[in-house]
>>> print(open('my_file33.cif').read())   # mmCIF, C-alpha atoms
data_structure
#
loop_
_atom_site.label_atom_id
_atom_site.label_comp_id
_atom_site.auth_asym_id
_atom_site.auth_seq_id
_atom_site.Cartn_x
_atom_site.Cartn_y
_atom_site.Cartn_z
CA MET P 1 125.20 68.68 105.40
CA ILE P 2 122.67 68.64 108.26
CA ILE P 3 123.66 72.15 109.25
CA ARG P 4 123.07 73.27 105.70
CA TRP P 5 119.51 71.90 105.71
CA LEU P 6 118.82 73.32 109.14
CA LEU P 7 119.89 76.72 107.89
CA LEU P 8 117.62 76.34 104.88
CA ILE P 9 114.68 75.42 107.11
CA LEU P 10 115.41 78.33 109.41
CA GLY P 11 115.59 80.66 106.45
CA GLY P 12 112.35 79.27 105.06
CA VAL P 13 110.57 79.76 108.38
CA LEU P 14 111.80 83.34 108.75
CA LEU P 15 110.83 84.15 105.17
CA GLY P 16 107.49 82.45 105.80
CA GLY P 17 106.86 84.79 108.70
CA ILE P 18 107.55 87.76 106.45
CA VAL P 19 105.23 86.36 103.77
CA HIS P 20 102.53 85.91 106.40
CA LEU P 21 102.79 89.44 107.73
CA ALA P 22 102.94 90.91 104.23
CA THR P 23 99.86 89.04 103.04
CA VAL P 24 97.86 89.99 106.14
CA ILE P 25 98.74 93.66 105.71
CA LEU P 26 98.18 93.70 101.96
CA LEU P 27 94.99 91.67 101.94
CA PRO P 28 92.56 94.53 102.70
CA ARG P 29 93.92 96.45 99.68
CA THR P 30 93.53 93.56 97.31
CA ALA P 31 90.27 92.04 98.55
CA THR P 32 87.80 92.03 95.66
CA GLN P 33 84.79 91.00 97.70
CA ASP P 34 84.99 93.39 100.62
CA ALA P 35 81.98 95.42 101.67
CA TYR P 36 82.95 98.42 99.55
CA ALA P 37 83.30 96.24 96.44
CA ARG P 38 79.98 94.54 97.15
CA LEU P 39 78.20 97.88 97.48
CA THR P 40 79.81 99.55 94.46
CA PRO P 41 77.49 98.03 91.81
CA ILE P 42 74.28 98.95 93.63
CA ALA P 43 75.22 102.22 95.30
CA PRO P 44 75.90 105.24 93.09
CA VAL P 45 78.28 107.69 94.62
CA ASN P 46 77.02 110.36 97.08
CA THR P 47 73.45 109.03 97.15
CA VAL P 48 71.54 107.18 99.85
CA VAL P 49 70.51 103.74 98.65
CA ALA P 50 68.26 101.50 100.71
CA LEU P 51 69.58 97.96 101.02
CA PRO P 52 67.20 95.04 100.59
CA PRO P 53 66.71 93.18 103.88
CA PRO P 54 68.99 90.13 104.19
CA SER P 55 67.41 86.76 103.49
CA PRO P 56 68.84 83.23 103.65
CA GLU P 57 69.15 83.16 99.87
CA LYS P 58 70.51 86.60 99.29
CA ALA P 59 72.29 89.27 101.25
CA ILE P 60 74.51 92.06 100.01
CA MET P 61 76.92 91.53 102.86
CA PRO P 62 77.36 88.70 105.35
CA PHE P 63 76.38 89.15 108.99
CA MET P 64 73.75 91.83 108.39
CA ASP P 65 71.34 92.27 111.29
CA PRO P 66 67.85 91.32 110.03
CA ALA P 67 66.20 93.44 112.72
CA PHE P 68 67.42 96.59 110.99
CA ALA P 69 66.38 98.55 107.94
CA SER P 70 69.59 99.74 106.37
CA ALA P 71 70.82 102.09 103.72
CA VAL P 72 74.25 103.16 102.58
CA CYS P 73 75.80 106.22 101.07
CA ARG P 74 79.00 105.43 99.20
CA TYR P 75 80.78 108.74 99.31
CA ASP P 76 83.49 110.47 97.39
CA LEU P 77 84.76 113.72 98.87
CA SER P 78 87.08 114.63 96.01
CA GLN P 79 84.57 117.19 94.72
CA GLY P 80 83.96 118.72 98.13
CA PRO P 81 82.41 118.04 101.52
CA LEU P 82 79.21 116.11 101.98
CA LYS P 83 76.08 116.90 103.95
CA LEU P 84 74.21 114.10 105.61
CA SER P 85 70.80 114.20 107.21
CA VAL P 86 69.04 111.19 108.66
CA PRO P 87 65.62 111.43 110.30
CA VAL P 88 65.55 109.17 113.35
CA SER P 89 63.16 106.25 113.52
CA PRO P 90 60.93 105.57 116.55
CA ALA P 91 63.25 102.95 118.04
CA TYR P 92 66.95 103.25 117.39
CA THR P 93 68.87 104.81 114.55
CA SER P 94 72.60 104.83 114.00
CA VAL P 95 74.93 106.20 111.39
CA SER P 96 78.34 104.53 111.05
CA PHE P 97 81.24 105.74 108.94
CA TYR P 98 83.70 103.40 107.25
CA THR P 99 86.84 104.12 105.27
CA ARG P 100 87.47 102.74 101.80
CA ASN P 101 88.99 99.70 103.55
CA ASP P 102 85.91 99.08 105.71
CA VAL P 103 87.44 100.37 108.93
CA ALA P 104 84.84 102.02 111.13
CA TYR P 105 86.10 105.41 112.22
CA TYR P 106 83.01 107.07 113.63
CA ALA P 107 79.45 106.28 114.63
CA ILE P 108 76.65 108.26 116.14
CA ASN P 109 73.21 107.18 117.27
CA ASP P 110 69.95 109.03 117.70
CA ARG P 111 70.41 109.52 121.43
CA ALA P 112 73.91 110.94 121.05
CA ALA P 113 72.64 113.27 118.34
CA GLY P 114 69.86 114.34 120.67
CA ARG P 115 67.35 115.53 118.10
CA ARG P 116 64.87 114.32 115.54
CA VAL P 117 67.28 114.49 112.63
CA ILE P 118 70.93 113.46 112.70
CA GLU P 119 72.68 116.14 110.67
CA LEU P 120 76.35 116.38 109.97
CA ASP P 121 79.01 117.44 107.53
CA LEU P 122 81.57 114.95 106.27
CA MET P 123 84.87 116.22 104.95
CA THR P 124 88.50 115.29 104.65
CA THR P 125 91.04 116.75 107.04
CA ALA P 126 92.30 119.09 104.30
CA GLN P 127 88.77 120.35 103.63
CA HIS P 128 88.18 120.84 107.34
CA ASP P 129 91.30 122.99 107.54
CA GLN P 130 89.87 125.24 104.84
CA VAL P 131 86.64 125.92 106.70
CA PRO P 132 86.94 129.53 107.84
CA GLU P 133 87.22 129.64 111.58
CA ASP P 134 84.47 132.19 112.09
CA GLU P 135 82.11 130.00 110.12
CA GLU P 136 82.92 127.09 112.35
CA ILE P 137 82.11 129.14 115.40
CA THR P 138 78.79 130.38 114.07
CA ALA P 139 77.96 126.83 113.10
CA ALA P 140 78.78 125.43 116.51
CA ASP P 141 75.75 123.18 116.41
CA ARG P 142 76.96 121.71 113.16
CA LEU P 143 78.63 118.37 113.63
CA ILE P 144 81.70 117.94 111.46
CA VAL P 145 83.13 114.48 110.85
CA GLU P 146 86.55 114.04 109.28
CA SER P 147 87.04 111.14 106.93
CA PRO P 148 90.53 109.60 106.91
CA THR P 149 90.08 108.56 103.28
CA PRO P 150 88.50 110.56 100.42
CA THR P 151 86.10 107.69 99.69
CA GLY P 152 84.19 105.38 102.00
CA ILE P 153 80.83 104.18 103.16
CA ILE P 154 78.20 105.64 105.45
CA ALA P 155 75.89 102.97 106.83
CA ILE P 156 72.51 104.22 108.02
CA ARG P 157 70.55 101.78 110.10
CA ALA P 158 67.19 101.95 111.83
CA MET P 159 65.99 99.23 114.15
CA ALA P 160 62.64 97.50 113.98
CA PRO P 161 62.33 95.98 117.47
CA GLU P 162 59.33 94.01 116.20
CA PRO P 163 58.67 92.89 112.63
CA GLY P 164 55.61 95.16 112.54
CA LEU P 165 57.82 98.20 112.98
CA MET P 166 59.99 97.44 109.96
CA LYS P 167 57.87 99.65 107.70
CA ALA P 168 58.34 102.63 110.00
CA ALA P 169 62.09 102.03 110.15
CA GLN P 170 62.32 101.80 106.38
CA ALA P 171 60.25 104.94 105.99
CA ALA P 172 62.54 106.89 108.31
CA ILE P 173 65.60 105.79 106.38
CA ALA P 174 63.97 106.54 103.03
CA ASN P 175 64.12 110.20 103.94
CA ALA P 176 67.84 110.17 104.64
CA ARG P 177 69.89 112.35 102.32
CA CYS P 178 73.54 112.63 101.55
CA GLY P 179 74.91 114.90 98.91
CA ALA P 180 77.35 117.64 98.07
CA ALA P 181 77.24 120.44 100.58
CA LYS P 182 76.18 123.46 98.61
CA PRO P 183 77.82 126.71 99.52
CA GLU P 184 75.55 128.64 101.79
CA PRO P 185 73.30 130.73 99.59
CA ALA P 186 73.96 134.38 100.05
CA PRO P 187 71.10 135.96 101.97
CA ALA P 188 68.55 137.03 99.38
CA PRO P 189 68.45 140.77 99.04
CA GLN P 190 65.47 141.93 100.98
CA PRO P 191 63.06 143.96 98.92
CA PRO P 192 62.97 147.43 100.38
CA PRO P 193 60.03 147.74 102.74
CA ARG P 194 57.16 149.32 100.96
CA PRO P 195 56.22 152.62 102.33
CA ARG P 196 52.92 152.28 104.06
CA ARG P 197 50.21 154.56 103.16
CA MET I 198 122.46 72.07 91.56
CA ARG I 199 122.45 71.52 95.29
CA LEU I 200 122.22 75.23 95.78
CA LEU I 201 119.20 75.42 93.45
CA ILE I 202 117.36 72.60 95.17
CA GLY I 203 118.14 74.10 98.53
CA THR I 204 116.90 77.53 97.52
CA LEU I 205 113.71 76.15 96.00
CA PHE I 206 113.11 74.14 99.16
CA GLY I 207 113.56 77.23 101.30
CA LEU I 208 111.23 79.33 99.17
CA ALA I 209 108.56 76.62 99.03
CA LEU I 210 108.72 76.27 102.79
CA ALA I 211 108.40 80.04 103.17
CA ALA I 212 105.37 80.20 100.90
CA LEU I 213 103.73 77.26 102.64
CA ILE I 214 104.28 78.64 106.12
CA GLY I 215 103.41 82.24 105.21
CA LEU I 216 100.24 81.59 103.27
CA GLY I 217 99.21 78.78 105.59
CA LEU I 218 99.47 81.02 108.64
CA THR I 219 97.52 83.77 106.88
CA TYR I 220 94.78 81.39 105.84
CA MET I 221 94.57 79.84 109.30
CA SER I 222 94.47 83.14 111.13
CA LEU I 223 91.71 84.48 108.88
CA THR I 224 89.49 81.40 108.80
CA ARG I 225 89.87 80.16 112.36
CA GLY I 226 89.05 83.54 113.77
CA THR I 227 91.39 86.19 114.96
CA ALA I 228 92.36 84.99 118.36
CA PHE I 229 93.95 87.95 120.03
CA GLY I 230 92.62 91.28 121.19
CA GLY I 231 89.23 89.74 121.83
CA LEU I 232 87.02 90.26 124.83
CA SER I 233 85.89 86.80 125.94
CA ILE I 234 83.14 86.45 128.50
CA ASP I 235 82.19 82.84 129.09
CA SER I 236 81.81 81.43 125.58
CA TRP I 237 81.01 84.79 124.02
CA THR I 238 83.73 86.72 122.24
CA ALA I 239 83.74 90.27 120.93
CA TRP I 240 86.39 92.34 119.21
CA PRO I 241 85.37 95.84 120.29
CA LYS I 242 88.42 97.28 118.56
CA SER I 243 87.23 95.93 115.21
CA GLY I 244 84.77 98.82 115.20
CA THR I 245 87.48 101.46 115.61
CA THR I 246 90.46 102.76 113.67
CA GLU I 247 92.64 100.87 116.13
CA ALA I 248 91.64 97.59 114.51
CA ASP I 249 94.77 95.47 114.09
CA PRO I 250 95.88 94.11 110.69
CA TYR I 251 94.41 90.68 111.41
CA VAL I 252 90.98 92.10 112.14
CA ARG I 253 91.18 94.33 109.07
CA ALA I 254 92.17 91.43 106.85
CA SER I 255 89.41 89.26 108.25
CA ILE I 256 86.83 92.01 107.71
CA ALA I 257 87.98 92.62 104.14
CA ARG I 258 87.97 88.93 103.36
CA SER I 259 84.49 88.28 104.75
CA GLY I 260 82.94 91.37 103.12
CA ARG I 261 81.06 92.49 106.21
CA LEU I 262 80.87 95.91 107.77
CA PRO I 263 81.90 95.63 111.43
CA THR I 264 79.70 97.07 114.16
CA ALA I 265 81.20 100.46 114.86
CA MET I 266 82.11 101.50 118.36
CA GLY I 267 79.52 104.12 119.27
CA ASP I 268 76.88 102.04 117.57
CA GLY I 269 77.32 98.89 119.59
CA VAL I 270 79.33 95.77 120.13
CA SER I 271 78.90 92.26 118.68
CA PHE I 272 79.50 89.09 120.64
CA THR I 273 79.95 85.88 118.70
CA LEU I 274 79.09 82.47 120.10
CA GLN I 275 80.44 79.33 118.45
CA SER I 276 80.33 76.81 121.26
CA ASP I 277 78.40 76.20 124.46
CA ASP I 278 79.72 76.74 127.98
CA GLU I 279 81.30 73.30 127.98
CA GLY I 280 83.19 74.01 124.78
CA LYS I 281 80.96 71.88 122.56
CA ILE I 282 80.62 73.37 119.07
CA LEU I 283 77.08 74.57 118.41
CA ASP I 284 75.19 71.94 116.43
CA GLY I 285 71.95 72.80 114.66
CA ARG I 286 70.58 69.32 115.23
CA CYS I 287 70.70 69.72 119.01
CA ASP I 288 68.59 71.70 121.47
CA VAL I 289 70.70 74.52 122.84
CA VAL I 290 69.34 76.68 125.64
CA ILE I 291 70.50 80.26 126.08
CA SER I 292 69.38 81.64 129.41
CA GLY I 293 70.03 84.44 131.80
CA VAL I 294 70.48 88.15 131.25
CA THR I 295 72.49 90.36 128.93
CA PRO I 296 74.71 93.34 129.75
CA VAL I 297 72.95 96.68 129.94
CA ALA I 298 72.16 98.08 126.51
CA ARG I 299 69.36 100.13 125.04
CA PHE I 300 68.54 97.34 122.61
CA TRP I 301 70.02 94.01 121.73
CA THR I 302 69.49 91.47 118.99
CA MET I 303 70.48 87.82 118.82
CA THR I 304 70.79 86.37 115.34
CA LEU I 305 71.61 82.93 114.01
CA TYR I 306 73.96 82.67 111.01
CA ASN I 307 75.69 79.86 109.24
CA PRO I 308 79.49 80.12 109.45
CA ASP I 309 79.60 82.14 106.20
CA GLY I 310 77.41 84.84 107.70
CA ALA I 311 74.22 84.03 105.80
CA LEU I 312 70.90 83.72 107.59
CA VAL I 313 69.59 80.17 107.96
CA GLY I 314 66.32 79.48 106.18
CA ASN I 315 63.40 78.08 108.15
CA SER I 316 59.65 77.76 107.83
CA THR I 317 58.82 80.56 110.27
CA ASN I 318 61.20 83.17 108.79
CA ARG I 319 62.61 83.77 112.24
CA TYR I 320 66.31 84.55 112.14
CA GLY I 321 66.74 85.97 115.60
CA PHE I 322 65.23 87.88 118.47
CA THR I 323 65.35 91.48 119.55
CA SER I 324 65.33 92.56 123.17
CA GLN I 325 61.75 93.71 122.73
CA GLU I 326 60.43 90.49 121.22
CA ILE I 327 61.74 88.21 123.90
CA VAL I 328 59.36 86.73 126.48
CA ARG I 329 60.90 87.10 129.92
CA ARG I 330 60.30 85.46 133.26
CA SER I 331 59.03 87.57 136.13
CA ASP I 332 62.60 88.10 137.41
CA GLY I 333 63.70 89.58 134.10
CA THR I 334 65.70 86.61 132.89
CA PHE I 335 64.92 84.93 129.62
CA GLU I 336 65.39 81.57 127.96
CA ILE I 337 65.85 81.04 124.24
CA VAL I 338 65.67 77.51 122.84
CA VAL I 339 67.79 77.14 119.71
CA SER I 340 66.57 73.95 118.13
CA PRO I 341 65.49 72.39 114.84
CA ARG I 342 62.15 71.39 116.43
CA ALA I 343 59.42 73.83 117.35
CA SER I 344 59.43 74.66 121.03
CA ALA I 345 57.26 76.73 123.34
CA GLY I 346 58.46 80.17 124.38
CA ASN I 347 61.36 81.82 122.63
CA TRP I 348 62.18 79.36 119.87
CA LEU I 349 65.00 80.15 117.48
CA PRO I 350 64.93 77.61 114.63
CA THR I 351 68.24 76.23 113.32
CA GLY I 352 66.90 74.60 110.18
CA GLY I 353 68.92 71.54 111.20
CA VAL I 354 72.24 72.89 109.89
CA PRO I 355 75.26 71.09 111.35
CA ARG I 356 77.09 74.28 112.32
CA TYR I 357 75.98 77.78 113.10
CA GLU I 358 76.97 80.77 115.15
CA LEU I 359 74.96 83.19 117.22
CA ILE I 360 75.71 86.87 117.31
CA LEU I 361 74.52 88.96 120.22
CA ARG I 362 74.66 92.63 119.30
CA LEU I 363 74.34 95.20 122.05
CA TYR I 364 73.32 98.62 120.78
CA ASP I 365 74.02 101.85 122.60
CA THR I 366 75.92 100.18 125.38
CA ALA I 367 78.82 100.98 127.67
CA VAL I 368 80.38 97.59 126.98
CA GLY I 369 83.44 98.23 124.87
CA VAL I 370 87.18 98.44 124.57
CA SER I 371 87.74 99.15 128.25
CA THR I 372 85.37 96.46 129.46
CA LYS I 373 86.86 93.72 131.58
CA ALA I 374 85.16 90.37 131.80
CA GLY I 375 83.47 90.31 135.14
CA ARG I 376 80.34 90.76 137.10
CA GLU I 377 79.27 93.98 135.44
CA VAL I 378 78.84 92.22 132.11
CA PRO I 379 76.70 89.16 132.71
CA MET I 380 76.38 87.10 129.55
CA PRO I 381 73.67 84.46 129.02
CA ASP I 382 74.54 80.87 129.85
CA VAL I 383 74.68 78.42 126.96
CA MET I 384 73.84 74.74 127.48
CA THR I 385 73.38 71.93 125.02
CA ARG I 386 70.33 70.17 126.46
CA SER I 387 69.77 67.25 124.19
CA CYS I 388 71.31 65.89 121.05
CA PRO I 389 69.59 63.26 118.95
#
>>> encode(input="my_file33.cif", output="structure tokens")
Amino acid sequence: MIIRWLLLILGGVLLGGIVHLATVILLPRTATQDAYARLTPIAPVNTVVALPPPSPEKAIMPFMDPAFASAVCRYDLSQGPLKLSVPVSPAYTSVSFYTRNDVAYYAINDRAAGRRVIELDLMTTAQHDQVPEDEEITAADRLIVESPTPTGIIAIRAMAPEPGLMKAAQAAIANARCGAAKPEPAPAPQPPPRPRR
Amino acid sequence: MRLLIGTLFGLALAALIGLGLTYMSLTRGTAFGGLSIDSWTAWPKSGTTEADPYVRASIARSGRLPTAMGDGVSFTLQSDDEGKILDGRCDVVISGVTPVARFWTMTLYNPDGALVGNSTNRYGFTSQEIVRRSDGTFEIVVSPRASAGNWLPTGGVPRYELILRLYDTAVGVSTKAGREVPMPDVMTRSCP
């Protein structure tokens, strides 16, 4: 009798462990209030949208840094790669990439980018494989980021080290662009040089 | 009948233990894989694709976007150096220096991650706003009452947490707690 109950308890504990692990692993896929879900209503796909600064009453996401002006681009690469350009602000600018399940897989800041505008191409691994090799070589200064998932979030953030600099940070971010990478336009046929008289 | 009762008991126990453990691990903070320096804790891996399932679940549940590695690292503070939980009705003094970073910010949140309202609309400090002593150290007074110097108002909330975010820093996954990463000291000075 006692052995029977002990076995039941043991079985319950083991099964409980499995339930625990399963729920932890499945939770990110079923969460309805994760960052991606929170951003979906306000952020159309493949467009940069400035986020309102967090306030005690209202914030799109918890734990946002109030010293930053931020914007997001909710991307979908199913139609093709994406081009991103972010002008850097006077203080500190960073661009972070998150998968559909809010896992950060890449980030770059203004210093690492080393120029006035952070420019890069975002594509899936399959799309990257299709980029002709010679093109990749000629575009050596082009930064290519591979997204593990076809959809995700790009978070663009510019710091305002003092409240007075918030306007400048917001202005820098307002000029950020993300959108479908258009195929390189074929070089326009040069009009034949006019014979000089 | 006995078999049915026994089976139901086993299943109920499994559900209780499984869901209870999940709930506890996600609400009480993910305990492992963290980098703890004094009372400050960071999960540098939460900003990488190596984030473990617990961190991922906790991120998804809270709805935040973690600080990505390459952007910076976030240290969370929930208690002072003596282990006392931060209380918004007390005067808490944060003093010392921070690890080397291009910029840092220190922000006060309630445990849900919302900013705490106050009359001065000050929710935190940045490394540039802080007033330092001549030796480069600083002192921030986190208190419900106005204070001279670097005053971070708590609004009198019973519980809060501070997040120190280091941007563009070498502190990260490979960092070991030690002398190269000096974190500010945290002392509860007075409690009414």
>>> residues_near_point(input="my_file33.cif", point="(105.1, 83.8, 104.9)", cutoff="7 Å", atoms="only C-alpha atoms", output="list in words")
Leu15, Gly16, Gly17, Ile18, Val19, His20 and Leu21 of chain P; Ala211, Ala212, Ile214, Gly215 and Leu216 of chain I
>>> resolve_selection(input="my_file33.cif", expression="the PyMOL selection byres ((chain P) within 8 of (chain I))", output="PyMOL selection string")
chain P and resi 5+8-9+11-21+23-25+27-28+31+33-36+38+54-59+61-67+94-97+101-109+161-162
>>> residues_around(input="my_file33.cif", residues="Asp76 in chain P", least_positions_apart="5", cutoff="7 Å", atoms="all atoms listed in the file", output="ChimeraX atom specification")
/P:45-46,150-152
>>> atom_distance(input="my_file33.cif", atom1="CA of Leu51 in chain P", atom2="CA of Val72 in chain P")
7.2 Å
>>> closest_residue(input="my_file33.cif", among="P:Cys73, P:Leu26, P:Ala172, P:Ile144", to="Val117 in chain P", atoms="only C-alpha atoms")
P:Ala172
>>> resolve_selection(input="my_file33.cif", expression="the PyMOL selection byres ((chain P and resi 128) around 12)", output="PDB file with C-alpha atoms, in the frame of the given file")
ATOM      1  CA  LEU P  77      84.760 113.720  98.870  1.00  0.00           C
ATOM      2  CA  GLY P  80      83.960 118.720  98.130  1.00  0.00           C
ATOM      3  CA  PRO P  81      82.410 118.040 101.520  1.00  0.00           C
ATOM      4  CA  LEU P  82      79.210 116.110 101.980  1.00  0.00           C
ATOM      5  CA  ASP P 121      79.010 117.440 107.530  1.00  0.00           C
ATOM      6  CA  LEU P 122      81.570 114.950 106.270  1.00  0.00           C
ATOM      7  CA  MET P 123      84.870 116.220 104.950  1.00  0.00           C
ATOM      8  CA  THR P 124      88.500 115.290 104.650  1.00  0.00           C
ATOM      9  CA  THR P 125      91.040 116.750 107.040  1.00  0.00           C
ATOM     10  CA  ALA P 126      92.300 119.090 104.300  1.00  0.00           C
ATOM     11  CA  GLN P 127      88.770 120.350 103.630  1.00  0.00           C
ATOM     12  CA  ASP P 129      91.300 122.990 107.540  1.00  0.00           C
ATOM     13  CA  GLN P 130      89.870 125.240 104.840  1.00  0.00           C
ATOM     14  CA  VAL P 131      86.640 125.920 106.700  1.00  0.00           C
ATOM     15  CA  PRO P 132      86.940 129.530 107.840  1.00  0.00           C
ATOM     16  CA  GLU P 133      87.220 129.640 111.580  1.00  0.00           C
ATOM     17  CA  GLU P 135      82.110 130.000 110.120  1.00  0.00           C
ATOM     18  CA  GLU P 136      82.920 127.090 112.350  1.00  0.00           C
ATOM     19  CA  LEU P 143      78.630 118.370 113.630  1.00  0.00           C
ATOM     20  CA  ILE P 144      81.700 117.940 111.460  1.00  0.00           C
ATOM     21  CA  VAL P 145      83.130 114.480 110.850  1.00  0.00           C
ATOM     22  CA  GLU P 146      86.550 114.040 109.280  1.00  0.00           C
ATOM     23  CA  SER P 147      87.040 111.140 106.930  1.00  0.00           C
ATOM     24  CA  PRO P 148      90.530 109.600 106.910  1.00  0.00           C
TER      25      PRO P 148
END
>>> closest_residue(input="my_file33.cif", among="P:Ala112, P:Ile173, P:Ala22, P:Ala180", to="Ala155 in chain P", atoms="all atoms listed in the file")
P:Ile173
>>> residues_near_point(input="my_file33.cif", point="(70.3, 65.5, 118.6)", cutoff="10 Å", atoms="all atoms listed in the file", output="mmCIF file with C-alpha atoms, in the coordinates of the input")
data_model
loop_
_atom_site.group_PDB
_atom_site.id
_atom_site.type_symbol
_atom_site.label_atom_id
_atom_site.label_comp_id
_atom_site.auth_asym_id
_atom_site.auth_seq_id
_atom_site.Cartn_x
_atom_site.Cartn_y
_atom_site.Cartn_z
ATOM 1 C CA ASP I 284 75.190 71.940 116.430
ATOM 2 C CA GLY I 285 71.950 72.800 114.660
ATOM 3 C CA ARG I 286 70.580 69.320 115.230
ATOM 4 C CA CYS I 287 70.700 69.720 119.010
ATOM 5 C CA ASP I 288 68.590 71.700 121.470
ATOM 6 C CA VAL I 289 70.700 74.520 122.840
ATOM 7 C CA SER I 340 66.570 73.950 118.130
ATOM 8 C CA PRO I 341 65.490 72.390 114.840
ATOM 9 C CA GLY I 353 68.920 71.540 111.200
ATOM 10 C CA THR I 385 73.380 71.930 125.020
ATOM 11 C CA ARG I 386 70.330 70.170 126.460
ATOM 12 C CA SER I 387 69.770 67.250 124.190
ATOM 13 C CA CYS I 388 71.310 65.890 121.050
ATOM 14 C CA PRO I 389 69.590 63.260 118.950
#
>>> atom_distance(input="my_file33.cif", atom1="CA of Glu119 in chain P", atom2="CA of Leu165 in chain P")
23.4 Å
>>> atom_distance(input="my_file33.cif", atom1="CA of Glu336 in chain I", atom2="CA of Val290 in chain I")
6.7 Å
>>> closest_residue(input="my_file33.cif", among="P:Ile154, P:Leu84, P:Ile118, P:Leu6", to="Ser70 in chain P", atoms="only C-alpha atoms")
P:Ile154
>>> resolve_selection(input="my_file33.cif", expression="the PyMOL selection byres ((chain I and resi 297) around 8)", output="PyMOL selection string")
chain I and resi 295-296+298-299+366-367+378
